[in-house]
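Engineer: Sharing a structure, written as structure tokens. Questions coming.
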Amino acid sequence: MHSAIAELPLVIIRRDGDVPMHCQLSAAMRGAILRGELAPGTRLPSTRALSLELGVSRNTVIAAYDQLYAEGFTEAQRGRGTRVVSPLPEVVLRLHRVSAPLPSGDVRAPAGPGGSTGGWLATHDPDGPLAFSVGVPALDQFPFTLWSRLAGRRLRQGARELFDYGDLAGYPPLRTAIAEYLGIARGIGCRPEQVMVTLGAQQALDLAARLILRSGDSVLIEDPSYPGVRDVLDNLGVELIPVPVDGEGMRIQDGDRTRPARMAYVTPSHQFPLGVTMSLERRMELLEWARSADAWIVEDDYDSAYCYGGRPLPALHALDTSGRVLYIGTFSTVLFPGLRIGYVIVPAALAQEFPGMRPSLGGSPPHVLQAALCDFVRAGHFAQHVRRMRGLYVERRSSLLNALARYLGEVVQVVHTNTGMHLAGFLPEPLDDACIAAEARRHGVSVLPLKPLYIGPAARPGLVMGFAAADRDAITAGVQTLAAVIESMGKGL
Ligand SMILES: Cc1ncc(COP(=O)(O)O)c(C=O)c1O
């Protein structure tokens with residue numbers, strides 16, 4: 001019988017991936033046991049020794065060992081440490097026996113940040129929002145009866161043009177309604193022909209990037225950044241140039257000037273994930289950069305409807321005088337994400353190109369739903385709902401801030417901002433935000449770990465917490481759960 005770190009196979013733990021580190025470690029050890037590299041009876045290294053060896057927290061190793069024990073791969077005896085079970089039970093072997101290989105072929109999983117995750121959308125909870133699902137509005141407050149009346153009327157009317165493929169750029173009256181709304185709410189001057197209705201902001205990002213970029217191009221991207229855009233850019237094979245973000249937004253002056261970029265992606269109203277608002281000065285700098293670099297700016301204005309301290313700053317699109325900004329918006333954050341309706345305002349020079357790209361992507365979202373949405377906007381329900389939600393989110397946001405101050409005041413350093421539907425908070429090193437998020441999810445609480453959202457070396461651990469989808473009691477209970485998880489993870493550090 002033997003024990004040694006040396007006998008462990010090479011374990012490479014990715015810190016920037018979506019798979020929690022303890023899962024990566026247990027998977028690596030499970031594989032080594034099944035391949036016979038860790039023979040039955042082998043004593044595993046102590047959790048302390050292995051955590052030092054791998055440079056991960058001891059809790060990560062303990063969680064991985066617990067998992068292997070639960071699966072029947074190891075046994076622990078007082079004073080004798082943890083060993084690989086000898087012999088391995090047949091039931092364990094049968095469960096993990098390698099099945100016949102899948103047909104070979106050039107199948108490529110979509111790359112997500114840090115690996116093949118299936119993308120950002122796939123990270124959402126399939127059974128509905130939890131406290132603190134990010135990007136999800138108050139579904140409990142949406143007027144579904146009214147909505148189903150409007151949608152039902154459109155379905156019953158059976159107008160032929162709504163049941164055909166329809167205009168590839170979107171239902172024309174909705175495009176007009178969006179152009180008018182943006183003029184009033186965001187000071188954006190655009191013609192309805194420049195409005196392309198898309199399958200959420202996600203498809204708008206995809207279309208914009210495909211139109212502007214070619215494989216091998218470079219893109220300036222906020223660091224940390226929105227995982228949905230990284231899905232798109234990774235799939236296009238472009239090079240990302242991370243640009244740090246501070247309290248005034250993207251520090252464009254600190255971007256790598258040696259590599260010419262063709263596009264910059266920004267979230268100026270409410271930086272995703274940190275939540276800061278880009279100052280007017282930075283907006284002007286960014287527009288100036290685009291002019292001098294002959295580049296495009298993609299402005300993702302995903303939740304600007306929620307500004308809690310006066311009027312929001314003008315959108316980049318409204319400040320742009322050279323037609324270089326593609327402006328993206330979505331109904332996901334105001335109505336409900338399952339609607340899958342967003343839009344992109346394209347500069348007049350590109351407006352002809354867009355519809356031509358649509359057929360291969362399946363056209364625009366169902367026109368019958370676009371028509372119902374248009375009715376909802378035209379009858380004033382949209383504006384009314386935004387007003388009501390703004391009031392509600394002020395309350396939910398302060399419930400979250402109060403609960404964080406009360407239960408996690410010593411641990412979470414909140415980034416204070418006055419817009420949007422989520423807050424970010426930094427955690428002290430060496431707390432492992434991905435592990436905390438994974439453990440919290442097991443307890444029914446959804447938070448987004450901050451560190452994997454960074455590309456560059458300045459990554460800091462933290463949590464991103466949506467406050468719109470849960471009521472006050474769920475918020476308080478959620479923070480208590482988080483505090484318990486963090487406390488249990490913090491032990492032994
Ligand atoms: C930065 C950002 N962009 C866009 C979206 C919305 O995407 P979609 O309209 O595809 O639901 C979100 C939602 O969370 C977001 O956080």
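Following the order of the structure tokens, chains are lettered A, B, ..., residues in each are numbered from 1, and ligands are numbered from 1.
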Each residue of stretch 354-409 of chain A lying at most 12 Å from stretch 129-149 of chain A should get a row with its shortest atom-to-atom pair and the distance in Å to one decimal, counting only C-alpha atoms; could you produce that, ordered by chain and increasing number, as a Markdown table?
Structural biologist:
| residue | atom | partner | partner_atom | distance |
| --- | --- | --- | --- | --- |
| A:Leu369 | CA | A:Trp147 | CA | 10.2 |
| A:Ala371 | CA | A:Trp147 | CA | 11.6 |
| A:Ala372 | CA | A:Trp147 | CA | 7.8 |
| A:Leu373 | CA | A:Trp147 | CA | 8.4 |
| A:Cys374 | CA | A:Trp147 | CA | 11.3 |
| A:Asp375 | CA | A:Trp147 | CA | 9.6 |
| A:Phe376 | CA | A:Trp147 | CA | 7.5 |
| A:Val377 | CA | A:Trp147 | CA | 11.0 |
| A:Ala379 | CA | A:Leu146 | CA | 11.3 |
| A:His381 | CA | A:Leu146 | CA | 9.1 |
| A:Phe382 | CA | A:Pro143 | CA | 10.3 |
| A:Gln384 | CA | A:Pro143 | CA | 10.9 |
| A:His385 | CA | A:Phe142 | CA | 7.9 |
| A:Val386 | CA | A:Phe142 | CA | 10.3 |
| A:Arg388 | CA | A:Gln141 | CA | 9.2 |
| A:Met389 | CA | A:Ala138 | CA | 7.7 |
| A:Arg390 | CA | A:Ala138 | CA | 10.6 |
| A:Gly391 | CA | A:Ala138 | CA | 11.8 |
| A:Leu392 | CA | A:Ala138 | CA | 8.8 |
| A:Tyr393 | CA | A:Ala138 | CA | 8.6 |
| A:Arg396 | CA | A:Ala138 | CA | 10.0 |
| A:Arg397 | CA | A:Phe132 | CA | 11.1 |
| A:Leu400 | CA | A:Phe132 | CA | 9.5 |
Engineer: So which bits of stretch 177-292 of chain A end up alpha helix (DSSP H) when you DSSP the backbone, as a PyMOL selection string?
Structural biologist: chain A and resi 177-186+200-212+227-236+280-292
Engineer: Choose the residue, out of A:Ser304, A:Thr42, A:Ser218, A:Thr60, that has the smallest atom-to-atom separation from ligand 1; count only C-alpha atoms and all ligand atoms.
Structural biologist: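 Checking each candidate against ligand 1, we get A:Ser304 as the closest.
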Engineer: Calculated over only C-alpha atoms and all ligand atoms, which of the candidates A:Ala484, A:Ala405, A:Leu339, A:Leu280 has the smallest distance to ligand 1?
Structural biologist: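 When distances to ligand 1 are compared using only C-alpha atoms and all ligand atoms, the smallest one comes from A:Leu339.
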Engineer: Please determine, counting only C-alpha atoms, which residue among A:Arg78, A:His422, A:Arg311, A:His317 has the shortest atom-to-atom distance to A:Ile297.
Structural biologist: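 The closest residue to A:Ile297 is A:His317.
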Engineer: Given a cut-off of 9 Å, what residues near ligand 1 show up using only C-alpha atoms and all ligand atoms, put as a PyMOL selection string?
Structural biologist: chain A and resi 121+134-136+198-205+225-229+266-267+270-273+300-303+328-333+336-343
Engineer: Rounded to one decimal in Å, what is the spacing between atom CA of A:Val197 and atom CA of A:Leu168?
Structural biologist: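 Rounded to one decimal, the two atoms are 8.5 Å apart.
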Engineer: To test your reading of the structure, identify every residue in stretch 264-400 of chain A that backbone DSSP assigns to strand (DSSP E), and report it as a ChimeraX atom specification.
Structural biologist: /A:264-266,296-300,325-330,342-345
Engineer: Separation of atom CA of A:Pro452 and atom CA of A:Asp432, in Å?
Structural biologist: 10.5 Å
Engineer: Can you tell me how far atom CA of A:Gln370 sits from atom CA of A:Gly170, in Å to one decimal?
Structural biologist: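 A separation of 7.8 Å between them.
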Engineer: Would you mind listing what lies within 9 Å of stretch 233-240 of chain A as a PyMOL selection string, with only C-alpha atoms counted and same-chain residues fewer than 4 positions away left out?
Structural biologist: chain A and resi 110-113+206+209-210+213-221+228-229+261+455
Engineer: Which polymer residues have any atom within 7 Å of an atom of stretch 182-193 of chain A, counting only C-alpha atoms, with same-chain residues fewer than 2 positions away left out, as an mmCIF file with all heavy atoms, in the first residue's frame?
Structural biologist:
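And here is the file that came out, result_1.cif:
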data_model
loop_
_atom_site.group_PDB
_atom_site.id
_atom_site.type_symbol
_atom_site.label_atom_id
_atom_site.label_comp_id
_atom_site.auth_asym_id
_atom_site.auth_seq_id
_atom_site.Cartn_x
_atom_site.Cartn_y
_atom_site.Cartn_z
ATOM 1 N N ARG A 175 -40.972 47.926 -35.497
ATOM 2 C CA ARG A 175 -39.721 48.657 -35.768
ATOM 3 C C ARG A 175 -39.964 50.160 -35.609
ATOM 4 O O ARG A 175 -39.135 50.883 -35.045
ATOM 5 C CB ARG A 175 -39.214 48.312 -37.159
ATOM 6 C CG ARG A 175 -38.815 46.832 -37.255
ATOM 7 C CD ARG A 175 -38.625 46.403 -38.683
ATOM 8 N NE ARG A 175 -37.441 46.969 -39.286
ATOM 9 C CZ ARG A 175 -37.226 47.012 -40.610
ATOM 10 N NH1 ARG A 175 -38.136 46.526 -41.431
ATOM 11 N NH2 ARG A 175 -36.114 47.529 -41.081
ATOM 12 N N THR A 176 -41.127 50.614 -36.068
ATOM 13 C CA THR A 176 -41.454 52.040 -35.921
ATOM 14 C C THR A 176 -41.632 52.388 -34.437
ATOM 15 O O THR A 176 -41.118 53.401 -33.946
ATOM 16 C CB THR A 176 -42.759 52.365 -36.688
ATOM 17 O OG1 THR A 176 -42.586 51.943 -38.041
ATOM 18 C CG2 THR A 176 -43.098 53.833 -36.644
ATOM 19 N N ILE A 178 -40.327 50.939 -31.858
ATOM 20 C CA ILE A 178 -39.029 50.926 -31.165
ATOM 21 C C ILE A 178 -38.258 52.219 -31.473
ATOM 22 O O ILE A 178 -37.701 52.855 -30.569
ATOM 23 C CB ILE A 178 -38.199 49.679 -31.575
ATOM 24 C CG1 ILE A 178 -38.859 48.409 -31.015
ATOM 25 C CG2 ILE A 178 -36.762 49.790 -31.080
ATOM 26 C CD1 ILE A 178 -38.253 47.100 -31.524
ATOM 27 N N ALA A 179 -38.264 52.631 -32.735
ATOM 28 C CA ALA A 179 -37.546 53.865 -33.115
ATOM 29 C C ALA A 179 -38.125 55.056 -32.334
ATOM 30 O O ALA A 179 -37.374 55.898 -31.815
ATOM 31 C CB ALA A 179 -37.648 54.090 -34.620
ATOM 32 N N GLU A 180 -39.435 55.098 -32.203
ATOM 33 C CA GLU A 180 -40.054 56.221 -31.476
ATOM 34 C C GLU A 180 -39.709 56.171 -29.990
ATOM 35 O O GLU A 180 -39.362 57.179 -29.385
ATOM 36 C CB GLU A 180 -41.581 56.167 -31.655
ATOM 37 C CG GLU A 180 -42.003 56.601 -33.047
ATOM 38 C CD GLU A 180 -43.493 56.353 -33.298
ATOM 39 O OE1 GLU A 180 -44.238 56.032 -32.337
ATOM 40 O OE2 GLU A 180 -43.884 56.470 -34.466
ATOM 41 N N VAL A 195 -33.872 49.719 -37.669
ATOM 42 C CA VAL A 195 -34.180 48.849 -36.528
ATOM 43 C C VAL A 195 -34.336 47.413 -37.016
ATOM 44 O O VAL A 195 -35.200 47.132 -37.843
ATOM 45 C CB VAL A 195 -35.504 49.288 -35.837
ATOM 46 C CG1 VAL A 195 -35.804 48.389 -34.630
ATOM 47 C CG2 VAL A 195 -35.446 50.744 -35.438
ATOM 48 N N PRO A 314 -26.713 60.276 -21.859
ATOM 49 C CA PRO A 314 -27.116 59.913 -23.215
ATOM 50 C C PRO A 314 -26.380 58.664 -23.703
ATOM 51 O O PRO A 314 -25.228 58.436 -23.339
ATOM 52 C CB PRO A 314 -26.712 61.129 -24.060
ATOM 53 C CG PRO A 314 -26.027 62.072 -23.157
ATOM 54 C CD PRO A 314 -26.108 61.594 -21.754
ATOM 55 N N ALA A 315 -27.096 57.885 -24.522
ATOM 56 C CA ALA A 315 -26.461 56.693 -25.086
ATOM 57 C C ALA A 315 -25.313 57.121 -26.007
ATOM 58 O O ALA A 315 -25.324 58.231 -26.549
ATOM 59 C CB ALA A 315 -27.496 55.912 -25.884
ATOM 60 N N HIS A 317 -24.854 56.053 -28.847
ATOM 61 C CA HIS A 317 -25.459 56.227 -30.161
ATOM 62 C C HIS A 317 -25.968 57.654 -30.336
ATOM 63 O O HIS A 317 -25.876 58.231 -31.422
ATOM 64 C CB HIS A 317 -26.604 55.222 -30.332
ATOM 65 C CG HIS A 317 -27.106 55.115 -31.738
ATOM 66 N ND1 HIS A 317 -27.816 56.113 -32.361
ATOM 67 C CD2 HIS A 317 -26.975 54.133 -32.655
ATOM 68 C CE1 HIS A 317 -28.124 55.743 -33.593
ATOM 69 N NE2 HIS A 317 -27.613 54.546 -33.796
ATOM 70 N N ALA A 318 -26.495 58.224 -29.231
ATOM 71 C CA ALA A 318 -27.046 59.575 -29.318
ATOM 72 C C ALA A 318 -25.932 60.618 -29.428
ATOM 73 O O ALA A 318 -26.154 61.729 -29.908
ATOM 74 C CB ALA A 318 -27.910 59.861 -28.094
ATOM 75 N N ALA A 351 -27.553 49.308 -42.957
ATOM 76 C CA ALA A 351 -28.947 48.846 -42.844
ATOM 77 C C ALA A 351 -29.347 47.919 -43.987
ATOM 78 O O ALA A 351 -30.170 47.026 -43.808
ATOM 79 C CB ALA A 351 -29.899 50.038 -42.751
#
Engineer: Using only C-alpha atoms, find the one residue out of A:Val412, A:Leu361, A:Leu313, A:Val325 that sits nearest to A:Glu281.
Structural biologist: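 The closest residue to A:Glu281 is A:Leu313.
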Engineer: Between A:Ala208, A:Leu155, A:Ala349, A:Leu316, which has the minimum distance to A:Gln194 (counting only C-alpha atoms)?
Structural biologist: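 For A:Gln194, the nearest of the candidates is A:Ala349.
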Engineer: Counting only C-alpha atoms, figure out which residue out of A:Val334, A:Leu34, A:Ser57, A:Arg251 gets nearest to A:Gly490.
Structural biologist: A:Ser57
Engineer: Near A:Gly478, within 12 Å and counting only C-alpha atoms, which residues show up once chain neighbours fewer than 4 positions away are dropped, as a PyMOL selection string?
Structural biologist: chain A and resi 130-133+399-400+403-404+407-408+440-441+443-447+465-467+469-474+482-485
